[in-house]
Each structure stands twice: as structure tokens, then as C-alpha cells.
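Presented below is the structure to which this report refers.
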2 protein chains.
Amino acid sequence: MAKVNVSLPQGTRDFGPDTVRKRNYILNTIKTVFELYGFQPLETPAMENMETLMGKYGEEGDRLIFKILNNGINDPKNIDKAKAAFENVLQGKNDKNLTERALRYDLTIPFARYVAMNHSQLTFPFKRYQVQPVWRADRPQKGRYREFYQCDADVVGSNSLLNEVELAIIYLTVFKKLNIDIELKINNRKILSALAELCGGKDKMTDITVAIDKLDKIGLEKVKEELVQRGLSEDQIKIIVEYLNIATYSAEKEEDLLNNIMLEKLKSFFSKNETGKQGIKEIEFITDQVNNFFDRIVDIDVTLARGLNYYTGTIFEVKANNVQMGSIGGGGRYDDLTGLFGVPNIPGVGISFGVDRIYDVMEELKLFPAEVHTGTRVLFFNLGENESKAAFNLVQQLRDKGIASELYHENSKMDKQFKYAEKKNIPYAVIIGEKELQEGTCNIKNLAESVQQTISQTALADFLSIKLSHK
Amino acid sequence: MAKVNVSLPQGTRDFGPDTVRKRNYILNTIKTVFELYGFQPLETPAMENMETLMGKYGEEGDRLIFKILNNGINDPKNIDKAKAAFENVLQGKNDKNLTERALRYDLTIPFARYVAMNHSQLTFPFKRYQVQPVWRADRPQKGRYREFYQCDADVVGSNSLLNEVELAIIYLTVFKKLNIDIELKINNRKILSALAELCGGKDKMTDITVAIDKLDKIGLEKVKEELVQRGLSEDQIKIIVEYLNIATYSAEKEEDLLNNIMLEKLKSFFSKNETGKQGIKEIEFITDQVNNFFDRIVDIDVTLARGLNYYTGTIFEVKANNVQMGSIGGGGRYDDLTGLFGVPNIPGVGISFGVDRIYDVMEELKLFPAEVHTGTRVLFFNLGENESKAAFNLVQQLRDKGIASELYHENSKMDKQFKYAEKKNIPYAVIIGEKELQEGTCNIKNLAESVQQTISQTALADFLSIKLSHK
């Protein structure tokens with residue numbers, strides 16, 4: 001055949017039938033749990049106005065936003081404006097005459113925009129979930145795409161810690177349903193903030209958290225080096241090391257016991273700091289409540305920082321056990337979702353599922369159940385005009401019973417029809433030839449087991465209903 | 001509250017919870033039927049390379065494609081290239097140095113691109129369905145958006161008319177399930193082509209079909225005027241009028257009978273034209289087969305043209321009865337899906353559902369079933385710390401039984417909590433106060449009927465399971 005002269009844009013993917021089904025299995029599992037907890041679906045458009053997105057993700061983020069060229073810029077009427085606009089764009093400024101729209105970069109800012117625009121009609125607390133693709137002009141690499149799905153749930157308009165409890169339980173429930181063994185880590189920004197206060201400088205909070213967040217990967221000595229480099233004094237580092245000793249205390253003994261000991265130690269460490277005490281109290285409330293319902297304990301990790309600066313309270317992170325993979329979920333509490341859009345004082349808390357990574361984990365650990373690979377269950381062979389008319393009647397009977405079925409489209413050689421069934425993983429073939437047509441029977445072949453039997457056509461639909469419901 | 005300084009791009013929409021649920025009801029109904037017929041899901045990326053899309057939709061289409069500005073055009077390294085590229089773009093040419101990607105304009109071209117890229121791995125006939133948004137820089141107006149969903153099913157790699165039979169049955173099945181009364185029109189391009197041949201000029205086919213397609217709207221006299229304007233001779237118009245007399249013959253008597261009479265008349269009209277006879281034979285085969293399974297007859301309308309030039313055989317169109325609305329579905333057979341991409345000889349046939357219009361029809365005729373408005377079924381009131389702990393245990397029991405439930409997030413005044421339930425259309429409230437806490441009971445209030453009863457907490461989950469399964 002001729003050369004195929006087409007390709008996909010770098011960093012984007014087609015999802016064929018098998019992949020779509022597996023991805024839907026993950027997404028539907030998550031959505032079902034969101035719904036059980038009273039979250040409601042929201043969908044926003046792929047395009048947002050430039051001013052909605054720009055300046056929300058830092059300088060790096062701004063650069064990675066895909067901008068859409070205005071249509072009609074080559075209209076003679078607009079050419080002077082377009083030229084001036086292009087000069088602006090070359091200088092790194094945005095200009096509405098060249099581009100006024102961009103593709104959404106995440107689901108949080110569009111959600112904030114939606115809440116700001118509709119806050120007078122919404123019922124608060126407003127619990128929404130959103131599962132849609134986002135686009136980033138990042139350099140593509142293994143596991144990093146330019147189009148990928150985000151899957152978020154947020155509650156806004158409530159300060160209650162019950163929300164955190166529920167979101168933690170949602171994480172544990174979803175991953176239990178997906179059969180993924182995870183570690184759910186929890187921390188509280190108030191504790192990190194209190195540590196910075198103890199070190200005498202709130203302004204040092206970012207330096208401290210960035211360094212201690214690496215403890216897992218680089219070890220205590222390297223963390224100390226980094227703290228020195230970041231300008232922390234010997235006295236300050238001494239406080240931080242004491243904190244890290246408490247933080248890592250739990251590594252050796254029975255977890256739930258040690259968490260409590262660690263918390264007691266933290267309480268005395270922060271005995272004179274109200275922010276710290278508040279953070280510990282919040283963690284304690286959440287873990288106590290969650291542990292009422294789950295044998296799997298929430299792991300308190302007071303070195304956990306997570307990058308996003310807008311978090312102000314609880315932070316979550318999920319990692320899969322038994323597999324090398326970054327975090328497959330994360331989230332936290334923020335004080336002010338919509339202030340940027342002119343509507344202040346709407347606090348909230350949210351979590352996110354990393355769908356692509358969850359998919360990879362499930363592939364690697366072979367966790368997709370067999371039922372995910374649905375598709376056609378029964379193929380009727382086509383052995384001629386009259387035979388296929390009888391077959392088509394039966395196909396329709398099966399479809400009426402909810403069994404996905406096909407009649408092979410033409411009277412081809414038997415092995416071609418078998419091959420079609422095999423390639424599409426169809427478990428049953430039904431064969432009606434001249435003899436069966438006369439007798440009102442059909443041959444049913446279980447293709448996996450190569451077992452064949454003949455039954456009357458009138459019994460076929462019920463027979464296959466029973467056979468296939470046992471699968 | 002402060003002024004909200006944000007908006008949505010023109011022609012785009014947010015879909016709130018209610019709308020998402022109703023749209024999903026439509027989409028899931030369609031997808032379920034597609035699956036029963038052996039169609040498999042495909043998803044392609046929002047962005048395609050420019051060369052994949054450009055030149056496929058005519059000049060008008062090219063102009064309406066949303067192009068994406070390359071990132072990094074203001075990088076000093078690229079500035080000269082970017083400037084030269086911009087000059088090209090101003091002249092209406094595309095230039096890879098300014099824009100190499102664009103948003104998909106429909107689902108057919110991305111599907112063709114996918115089939116061309118993967119044809120050696122695919123099993124033919126390949127039956128795929130695809131439900132994704134597309135983007136067009138059209139002027140927004142009522143019912144016309146810049147982002148909207150398409151919902152397509154195609155079979156490629158098969159010339160068999162069984163595919164047309166199945167697609168017609170899919171239309172009838174889906175709209176029956178959605179409870180929409182429709183008219184499914186069928187025609188065949190071969191008949192239109194034969195009419196042009198009889199008029200002595202294949203090159204006149206577009207002029208003829210564009211004019212006769214308007215018969216419904218403008219009447220016979222105006223169609224004749226248009227044919228004159230389009231340069232057809234008196235003799236040619238005479239033939240066309242004879243054809244239209246046959247085409248409209250069916251309007252007065254019992255439909256199925258008249259269709260047959262009309263077909264007989266058409267057969268003698270085309271008695272010396274092989275293309276025409278073939279077209280009639282195909283229509284006859286399809287309608288005969290479909291009418292075996294449905295009381296609702298397929299309407300043969302030999303004035304139906306549909307705009308797309310790539311159709312070569314059967315064409316379909318669906319209109320809703322009892323409501324003013326354009327077509328809510330359409331499709332047809334084409335000879336060559338992927339030739340444009342270097343893979344010739346892949347014929348196919350496909351149909352499309354107009355999701356936005358189907359939504360509007362269902363809203364106007366109030367066809368959405370009550371179950372679509374799911375969401376939280378039970379709200380537990382929050383009457384204090386201990387009360388809410390007991391309530392939360394019960395909430396979790398209900399969720400384990402698959403009942404979407406919430407505990408109100410804080411101990412607010414009763415009427416605030418009632419208002420929340422009312423606004424979210426929650427049918428049941430469960431109230432546990434101090435007395436109920438001591439007694440191990442709870443008050444269940446049916447909010448629609450304002451009926452209240454007290455039962456033991458241990459009986460609650462089963463009680464509500466039964467109540468809610470009757471809904």
C-alpha cells in the first residue's frame with residue numbers, strides 16, 4: 001500500500017478501543033465514588049479567555065499555555081492591528097488582536113472562574129467533580145504528554161474538616177476498588193508554617209519545605225547541606241533537624257502506635273506555637289475519623305510539602321506500593337479559590353487523581369479485571385443470503401437481551417470469519433449453514449475452548465444469556 | 001460582593017451538574033446501542049497537525065479551523081523565522097513556524113487519519129464510535145456553538161449493505177429508547193447521479209441536487225426557477241419535474257404501500273439507467289430488512305441530498321416530529337475514507353447524532369426521565385459533634401449500599417440545612433438529635449411529602465435501600 005503521509009502532533013495520543021475501555025474503567029470507578037459522596041459533575045470549555053489563564057501558573061506556566069490564533073487576522077481590515085499585535089507577541093506580551101483564547105492548563109482555574117461567575121446561583125458548600133483533558137506545551141517525554149486528563153473533586157464554601165475526612169476516605173475507597181495498594185500521606189501546611197516561625201522567619205518557609213521534602217530521596221546530610229546553601233543558620237538548622245528526627249521516628253515500629261508517639265513528640269515540639277498546635281489538631285481529627293472506617297491507616301508525614309503555594313491547611317499525597325512511580329494523587333486545602341476573579345472568601349479543599357499514572361500502575365501490576373475487555377460477545381457467521389437472514393434475526397434477539405453481537409458482513413471463507421472473531425477476542429461463534437437453516441438449529445462454538453454444540457434456534461438467546469452472565 | 005471580572009469565550013458553554021447528567025443520559029444511551037452492534041470506542045487528540053486538517057473542508061472550512069500558535073515564537077533564536085512566517089500567515093498561507101497544530105473540526109478526518117496510520121494493525125471491517133468535542137470558529141448564534149460534541153459511528157473496509165441496515169436500526173433503536181418520535185429518511189446518491197445522467201450531464205449533479213433538496217421548503221415552482229438560474233434547459237427541467245412528481249407521490253396515502261408504488265414508478269423512470277436501478281435496489285434491500293424489525297418505516301425521500309460531497313451511496317437523515325428543529329442526525333456511504341492520507345480503497349458508511357439538538361428536543365418535549373436527576377439522595381443533618389459522629393457512621397453505611405449521601409458539613413441552624421436539601425433536590429433528610437442519639441434512633445423525613453417517621457439506626461440502611469429502589 002502507498003506510504004502513509006500523516007502523523008500525530010508530538011506528545012499526543014490516540015486511544016484505541018482497548019485503552020478507552022481500560023481508561024473508562026478507572027474513570028467510572030472514580031466518578032461512582034464521587035457521586036456517592038454528593039459530588040456533582042461539571043464540564044467547562046476547552047478554551048478560556050487569555051486573561052482567565054495568564055498569570056495563574058507562574059512564569060513557566062504562562063509559557064506552557066497553548067494559545068489560539070485569532071481567526072480572520074489576515075482579513076485586510078485587521079492587518080495593521082495584527083502586525084502591531086505580532087510585535088507585542090514577539091516581545092513576550094500578549095495581545096488580543098493576535099490571540100484572545102487559550103487551551104485550559106488545569107481544571108482548578110476554570111473551576112474557580114465558574115464559581116466566581118455563578119456564585120450567586122450556587123448552593124454552598126458546592127461539591128463538584130470534573131474529568132476533562134488539559135493541555136501543556138511541555139517537552140514530551142515518557143509519561144508526560146501535551147494532552148492528558150485531570151480528574152478532580154473539590155468542595156468549596158466550607159471550612160469543615162469533615163471534608164478532608166471524606167476526601168481521604170474517597171482516596172482509600174477508590175484505590176481499594178481498583179485493587180491498588182497505596183500509601184496515603186497527610187500533612188498540614190500550618191505545621192510547616194509553624195516550623196518556619198520557630199526558625200524565626202516565615203519568609204524561610206519555602207526554602208525549608210523544598211529542602212525537607214527531599215528527605216526521602218537524598219537523606220538527612222544532603223538536606224542539611226541544602227539548608228546551608230539556602231541561607232539558614234546553624235541554630236535554625238538545629239531546630240529543623242530536631243523536627244526531622246521526630247518526623248522520621250515512625251520508621252521502625254508498629255505504625256499506628258508510632259504515629260501517636262510522633263504526634264505527642266510534635267505537640268511538645270510546638271508547645272508554644274499556636275499555628276503548629278492547630279495543624280497537629282487538624283491532622284489528629286482527620287486521621288482519627290478516617291481510621292474508624294479503614295484498616296488502612298493514613299500515614300502522617302510532616303516532611304510532605306507539595307509544590308502548590310496556594311495550599312494553606314491539610315495536604316494529601318498518594319503513592320502506589322510495589323511499583324516505581326511518582327505520586328498518583330494529591331490535593332489539599334486552600335483559603336481563597338476565587339479571589340483572583342473578584343469573589344473573595346471562598347475557601348475549599350480538593351483532591352486530584354493522576355489518571356495516566358494510575359493506568360500505568362494497573363498495567364504494570366496487571367490489575368485490570370477481565371470484564372473490562374468487553375466488546376462483541378457473539379459472532380454469527382455469514383454462509384449465504386438465506387442463512388444470513390436467519391442469522392440476522394437471531395443477532396437482533398441477542399441484542400434485545402443486551403448481548404453485543406455481530407453478523408459477519410459478507411459470505412467469506414470460513415477461516416477469514418474465524419480470524420475476525422479471533423482478532424476481536426469474540427468468545428462465541430454461531431454457525432448456521434444450509435442444514436441448520438432447514439432444521440431450525442444452529443452450531444454454537446466456544447472459541448476459547450474449541451467446544452461445539454448444536455441447539456435449536458429458538459433456544460439460542462436464552463442459552464447465551466446464561467453462558468455469558470457467568471463470565 | 002466584588003465585581004466578577006471574568007467571562008467565557010463567545011460561543012462556548014459551561015455545563016453544570018444537571019446539564020451534564022442529561023447529556024450523559026443521551027450519550028450513554030447511544031453508546032450502549034453502538035456497543036450492542038459491535039462498535040468499539042476510539043478517542044483522538046484535540047490537536048491535529050495542520051496538514052492533516054487543512055484542505056479537507058473546503059475554503060470556508062479552512063477559515064473556520066482554530067489554529068494554535070506555536071510556543072516559543074518569541075524566543076530570540078526564532079524571531080526571524082517567526083517574522084517571515086507571520087508575513088505568510090497575513091497573506092492567508094499557513095506557515096509551520098507560526099502554527100503547526102490546529103483543533104479538530106470534525107471526527108471524520110481524525111478517524112481517517114487514525115485508520116490510515118494504523119491500517120496494518122486493524123481488523124477490517126473496523127467498526128468504531130467516537131464521542132468528542134469539535135471546534136469551529138463560526139459566528140455564534142442560537143444553537144450554534146464554537147465547541148460542540150459530535151457522536152459518530154462508522155464501519156470501514158466493507159461494501160456490504162448489511163452495514164446500512166444496522167445503522168438504520170441503530171437510529172431507530174436509539175430514538176425509541178430516548179422516546180423521541182422521528183422520521184428517518186433514506187436516499188441513495190446513485191439515484192441522484194442517475195437523474196443527472198438522464199439530464200445529459202453528470203457535471204450538473206450538484207446544481208440539480210442543491211435545488212431539489214429545497215423542495216420541502218420552497219415548493220416546486222421555486223425549485224424550477226432555481227434550476228433555470230443554474231443553467232438547466234427546459235428539457236432537462238421537464239425530466240427533473242417528472243422525477244419530483246414521483247418523489248412526492250407518497251404524500252397522500254398509506255405510507256408503506258405508497259413507498260412501494262413510488263419505487264415501481266422510479267424503476268420504470270430509470271429503466272434504462274444501470275446506476276439508477278442499482279440505487280433503487282440498494283434502497284429496497286435496506287428498507288425491506290429494516291422493516292422486518294421495526295413497525296416504524298424508513299421514509300424513502302429521493303429529493304434528499306445532504307451537503308457532503310464525499311457520499312457515494314446511501315444517505316440518511318433524521319428529523320424529530322412534533323418540534324421545529326433541523327436534522328438531529330445524518331450520514332451515508334463513502335467510497336474512499338483514507339485515500340487523502342495515502343491509503344486507498346477503504347470504503348465505509350457512517351452515521352452521526354446531533355447531540356446538542358437532541359438535547360434541545362428532549363428539553364422542549366420534556367422527555368428526560370426523572371431518574372436522570374440523580375445526585376445526593378439522603379442528607380444527614382448536623383446537630384453537634386457527637387450527633388454528627390453517629391450520623392457519619394450511618395452515612396458510610398448508606399454509601400456502602402450505593403446510596404449517594406451527605407452529612408451537612410457544620411452544625412448550622414435547621415432551616416439552613418433544610419434549604420441546602422431543598423436546593424439540591426435531596427429527597428430524604430435524616431435527623432439525629434440528642435434524644436435520638438441516646439435512644440439509637442433517627443428521624444427520617446421525606447422532604448417532598450413532608451412525612452416524618454422515627455426508626456432505629458440499625459434499620460436505616462435497609463429502610464432507605466428499599467424506599468429509594470422504588471423511585
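Chain identifiers are assigned as A, B, and so on, following the order in which chains appear in the C-alpha cells; residues are numbered from 1 within each chain, and ligands are numbered from 1 in order of appearance.
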After fitting chain B to chain A over every Cα pair taken in order, the RMSD: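 RMSD over all C-alpha atoms: 0.1 Å.
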For Lys265 (chain A): contacts at 12 Å, only C-alpha atoms, fewer than 2 positions along chain excluded, given as a list in words: Glu242, Tyr243, Leu244, Asn245, Ile246, Ala247, Thr248, Tyr249, Ser250, Leu258, Asn259, Asn260, Ile261, Met262, Leu263, Lys267, Ser268, Phe269, Phe270, Ser271, Lys277 and Ile280 of chain A
Interface list for chain A, partner chain B, 6 Å threshold, only C-alpha atoms, as a PyMOL selection string: chain A and resi 2-5+9+14-17+36-38+40-44+48-49+67-69+74+90+92+160+341-343+376+399+404-406+409
DSSP strand (DSSP E or B) residues within region 198-325 of chain A, listed as number ranges by chain: A: 299-300, 311-320
For Arg306 (chain A): contacts at 10 Å, only C-alpha atoms, fewer than 5 positions along chain excluded, given as number ranges by chain: A: 187, 189, 209-210, 213, 311, 315-317, 330-332
Option closest in space to Lys31 (chain B), from B:Ala84, B:Ala320, B:Leu464, B:Val131 [counting only C-alpha atoms]: B:Val131
Which of region 60-106 of chain A DSSP labels helix (DSSP H, G or I), written as a ChimeraX atom specification: /A:60-64,76-90
How would the residues just picked look written out with C-alpha atoms as a compact mmCIF listing (two decimals), in the first residue's frame?
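For reference, part_36.txt as written:
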# COMPACT_ATOMS: atom_id res chain seq x y z
CA GLU A 60 6.87 28.87 33.48
CA GLY A 61 3.19 28.06 33.35
CA ASP A 62 2.37 31.08 31.19
CA ARG A 63 4.94 29.89 28.69
CA LEU A 64 3.42 26.40 28.54
CA PRO A 76 -7.38 43.17 5.08
CA LYS A 77 -9.41 45.21 7.62
CA ASN A 78 -7.38 43.84 10.52
CA ILE A 79 -3.90 43.69 9.06
CA ASP A 80 -2.44 46.78 10.75
CA LYS A 81 -3.76 45.72 14.14
CA ALA A 82 -2.46 42.20 13.55
CA LYS A 83 1.02 43.49 12.69
CA ALA A 84 1.20 45.65 15.80
CA ALA A 85 -0.12 42.74 17.86
CA PHE A 86 2.52 40.42 16.47
CA GLU A 87 5.28 42.82 17.52
CA ASN A 88 3.88 42.66 21.05
CA VAL A 89 3.78 38.88 20.98
CA LEU A 90 7.38 38.73 19.80
Neighbour list for region 442-456 of chain B as a PyMOL selection string, cut-off 12 Å, only C-alpha atoms, skip fewer than 2 positions in-chain: chain B and resi 377-381+387-388+390-391+394+418-440+458-464+467-468
For Gly326 (chain B), work out the shell of residues within 12 Å, counting only C-alpha atoms and skipping chain neighbours fewer than 2 positions away, then give it as a short mmCIF file (atom, residue, chain, number, x, y, z; two decimals) with all heavy atoms, in the first residue's frame.
data_model
loop_
_atom_site.label_atom_id
_atom_site.label_comp_id
_atom_site.auth_asym_id
_atom_site.auth_seq_id
_atom_site.Cartn_x
_atom_site.Cartn_y
_atom_site.Cartn_z
N GLY B 143 -28.17 27.96 19.13
CA GLY B 143 -27.99 26.58 18.67
C GLY B 143 -26.70 26.33 17.92
O GLY B 143 -26.45 25.22 17.47
N ARG B 144 -25.88 27.34 17.71
CA ARG B 144 -24.59 27.12 17.04
C ARG B 144 -23.45 27.57 17.95
O ARG B 144 -23.40 28.72 18.37
CB ARG B 144 -24.52 27.88 15.72
CG ARG B 144 -23.32 27.43 14.88
CD ARG B 144 -22.91 28.49 13.90
NE ARG B 144 -23.73 28.52 12.71
CZ ARG B 144 -23.81 29.58 11.90
NH1 ARG B 144 -23.14 30.68 12.17
NH2 ARG B 144 -24.57 29.52 10.82
N ILE B 182 -39.40 10.13 15.57
CA ILE B 182 -38.60 10.66 14.46
C ILE B 182 -39.08 10.18 13.10
O ILE B 182 -39.87 9.25 12.98
CB ILE B 182 -37.11 10.24 14.56
CG1 ILE B 182 -36.98 8.70 14.56
CG2 ILE B 182 -36.44 10.87 15.73
CD1 ILE B 182 -35.73 8.19 13.90
N GLU B 183 -38.54 10.84 12.09
CA GLU B 183 -38.67 10.41 10.72
C GLU B 183 -37.24 10.11 10.24
O GLU B 183 -36.37 11.00 10.32
CB GLU B 183 -39.28 11.56 9.91
CG GLU B 183 -39.67 11.20 8.52
CD GLU B 183 -40.53 12.31 7.92
OE1 GLU B 183 -41.75 12.30 8.14
OE2 GLU B 183 -39.95 13.20 7.26
N GLU B 317 -30.98 10.77 6.84
CA GLU B 317 -31.22 12.00 7.61
C GLU B 317 -32.33 11.73 8.61
O GLU B 317 -33.31 11.05 8.31
CB GLU B 317 -31.60 13.15 6.69
CG GLU B 317 -31.66 14.48 7.41
CD GLU B 317 -31.82 15.66 6.46
OE1 GLU B 317 -30.79 16.14 5.97
OE2 GLU B 317 -32.96 16.06 6.19
N VAL B 318 -32.17 12.28 9.83
CA VAL B 318 -33.17 12.09 10.88
C VAL B 318 -33.75 13.43 11.29
O VAL B 318 -33.00 14.38 11.55
CB VAL B 318 -32.55 11.43 12.13
CG1 VAL B 318 -33.63 11.18 13.19
CG2 VAL B 318 -31.84 10.15 11.78
N LYS B 319 -35.08 13.49 11.33
CA LYS B 319 -35.73 14.68 11.87
C LYS B 319 -36.68 14.28 12.99
O LYS B 319 -37.27 13.21 12.95
CB LYS B 319 -36.50 15.40 10.77
CG LYS B 319 -35.58 16.13 9.82
CD LYS B 319 -36.26 17.27 9.10
CE LYS B 319 -35.18 18.13 8.45
NZ LYS B 319 -35.68 18.90 7.31
N ALA B 320 -36.81 15.17 13.97
CA ALA B 320 -37.75 14.90 15.06
C ALA B 320 -39.12 15.42 14.67
O ALA B 320 -39.24 16.52 14.14
CB ALA B 320 -37.27 15.59 16.33
N ASN B 321 -40.15 14.62 14.94
CA ASN B 321 -41.52 15.08 14.74
C ASN B 321 -41.96 15.93 15.93
O ASN B 321 -41.35 15.89 17.00
CB ASN B 321 -42.46 13.87 14.58
CG ASN B 321 -42.14 13.07 13.33
OD1 ASN B 321 -41.77 13.64 12.30
ND2 ASN B 321 -42.26 11.75 13.41
N VAL B 323 -41.77 19.03 16.62
CA VAL B 323 -40.92 20.09 17.14
C VAL B 323 -40.20 20.74 15.95
O VAL B 323 -39.91 20.08 14.95
CB VAL B 323 -39.91 19.51 18.18
CG1 VAL B 323 -38.99 18.49 17.55
CG2 VAL B 323 -39.11 20.59 18.86
N GLN B 324 -39.99 22.06 16.04
CA GLN B 324 -39.27 22.76 14.99
C GLN B 324 -37.77 22.65 15.24
O GLN B 324 -37.26 23.22 16.18
CB GLN B 324 -39.64 24.26 15.01
CG GLN B 324 -40.95 24.63 14.34
CD GLN B 324 -40.95 24.32 12.84
OE1 GLN B 324 -41.42 23.26 12.43
NE2 GLN B 324 -40.40 25.21 12.05
N ILE B 328 -31.50 16.02 13.26
CA ILE B 328 -30.82 15.64 14.50
C ILE B 328 -29.90 14.45 14.27
O ILE B 328 -29.35 13.88 15.21
CB ILE B 328 -31.83 15.35 15.64
CG1 ILE B 328 -32.82 14.26 15.24
CG2 ILE B 328 -32.57 16.62 16.02
CD1 ILE B 328 -33.74 13.84 16.39
N GLY B 329 -29.72 14.09 13.00
CA GLY B 329 -28.79 13.01 12.67
C GLY B 329 -28.65 12.91 11.17
O GLY B 329 -29.53 13.36 10.43
N GLY B 330 -27.54 12.34 10.74
CA GLY B 330 -27.35 12.16 9.31
C GLY B 330 -26.10 11.34 9.05
O GLY B 330 -25.28 11.14 9.94
N GLY B 354 -26.74 14.37 16.33
CA GLY B 354 -26.59 15.78 16.71
C GLY B 354 -26.96 15.98 18.17
O GLY B 354 -28.11 16.27 18.52
N ASP B 356 -26.39 18.18 20.60
CA ASP B 356 -26.94 19.43 21.12
C ASP B 356 -28.42 19.58 20.75
O ASP B 356 -29.24 19.97 21.57
CB ASP B 356 -26.15 20.63 20.59
CG ASP B 356 -24.83 20.79 21.31
OD1 ASP B 356 -24.86 21.10 22.51
OD2 ASP B 356 -23.78 20.56 20.68
N ARG B 357 -28.73 19.25 19.49
CA ARG B 357 -30.13 19.37 19.06
C ARG B 357 -31.01 18.32 19.71
O ARG B 357 -32.17 18.59 20.05
CB ARG B 357 -30.22 19.26 17.54
CG ARG B 357 -29.77 20.54 16.86
CD ARG B 357 -29.99 20.43 15.36
NE ARG B 357 -29.63 21.67 14.69
CZ ARG B 357 -29.56 21.78 13.36
NH1 ARG B 357 -29.81 20.74 12.60
NH2 ARG B 357 -29.23 22.93 12.82
N ILE B 358 -30.49 17.11 19.89
CA ILE B 358 -31.26 16.07 20.59
C ILE B 358 -31.59 16.54 22.00
O ILE B 358 -32.71 16.39 22.49
CB ILE B 358 -30.48 14.74 20.62
CG1 ILE B 358 -30.34 14.18 19.19
CG2 ILE B 358 -31.16 13.72 21.53
CD1 ILE B 358 -29.43 12.96 19.08
N ASP B 360 -31.89 19.65 22.98
CA ASP B 360 -32.92 20.69 22.89
C ASP B 360 -34.31 20.10 22.64
O ASP B 360 -35.29 20.55 23.23
CB ASP B 360 -32.56 21.69 21.79
CG ASP B 360 -31.36 22.56 22.16
OD1 ASP B 360 -31.00 22.59 23.35
OD2 ASP B 360 -30.77 23.19 21.26
N VAL B 361 -34.37 19.09 21.77
CA VAL B 361 -35.66 18.43 21.50
C VAL B 361 -36.20 17.81 22.79
O VAL B 361 -37.38 17.98 23.14
CB VAL B 361 -35.50 17.33 20.42
CG1 VAL B 361 -36.74 16.46 20.35
CG2 VAL B 361 -35.20 17.95 19.06
#
Non-local contacts of Leu195 (chain B) (9 Å; only C-alpha atoms; under 6 positions in same chain excluded) as number ranges by chain: B: 202, 205, 208, 239-240, 243, 270, 276
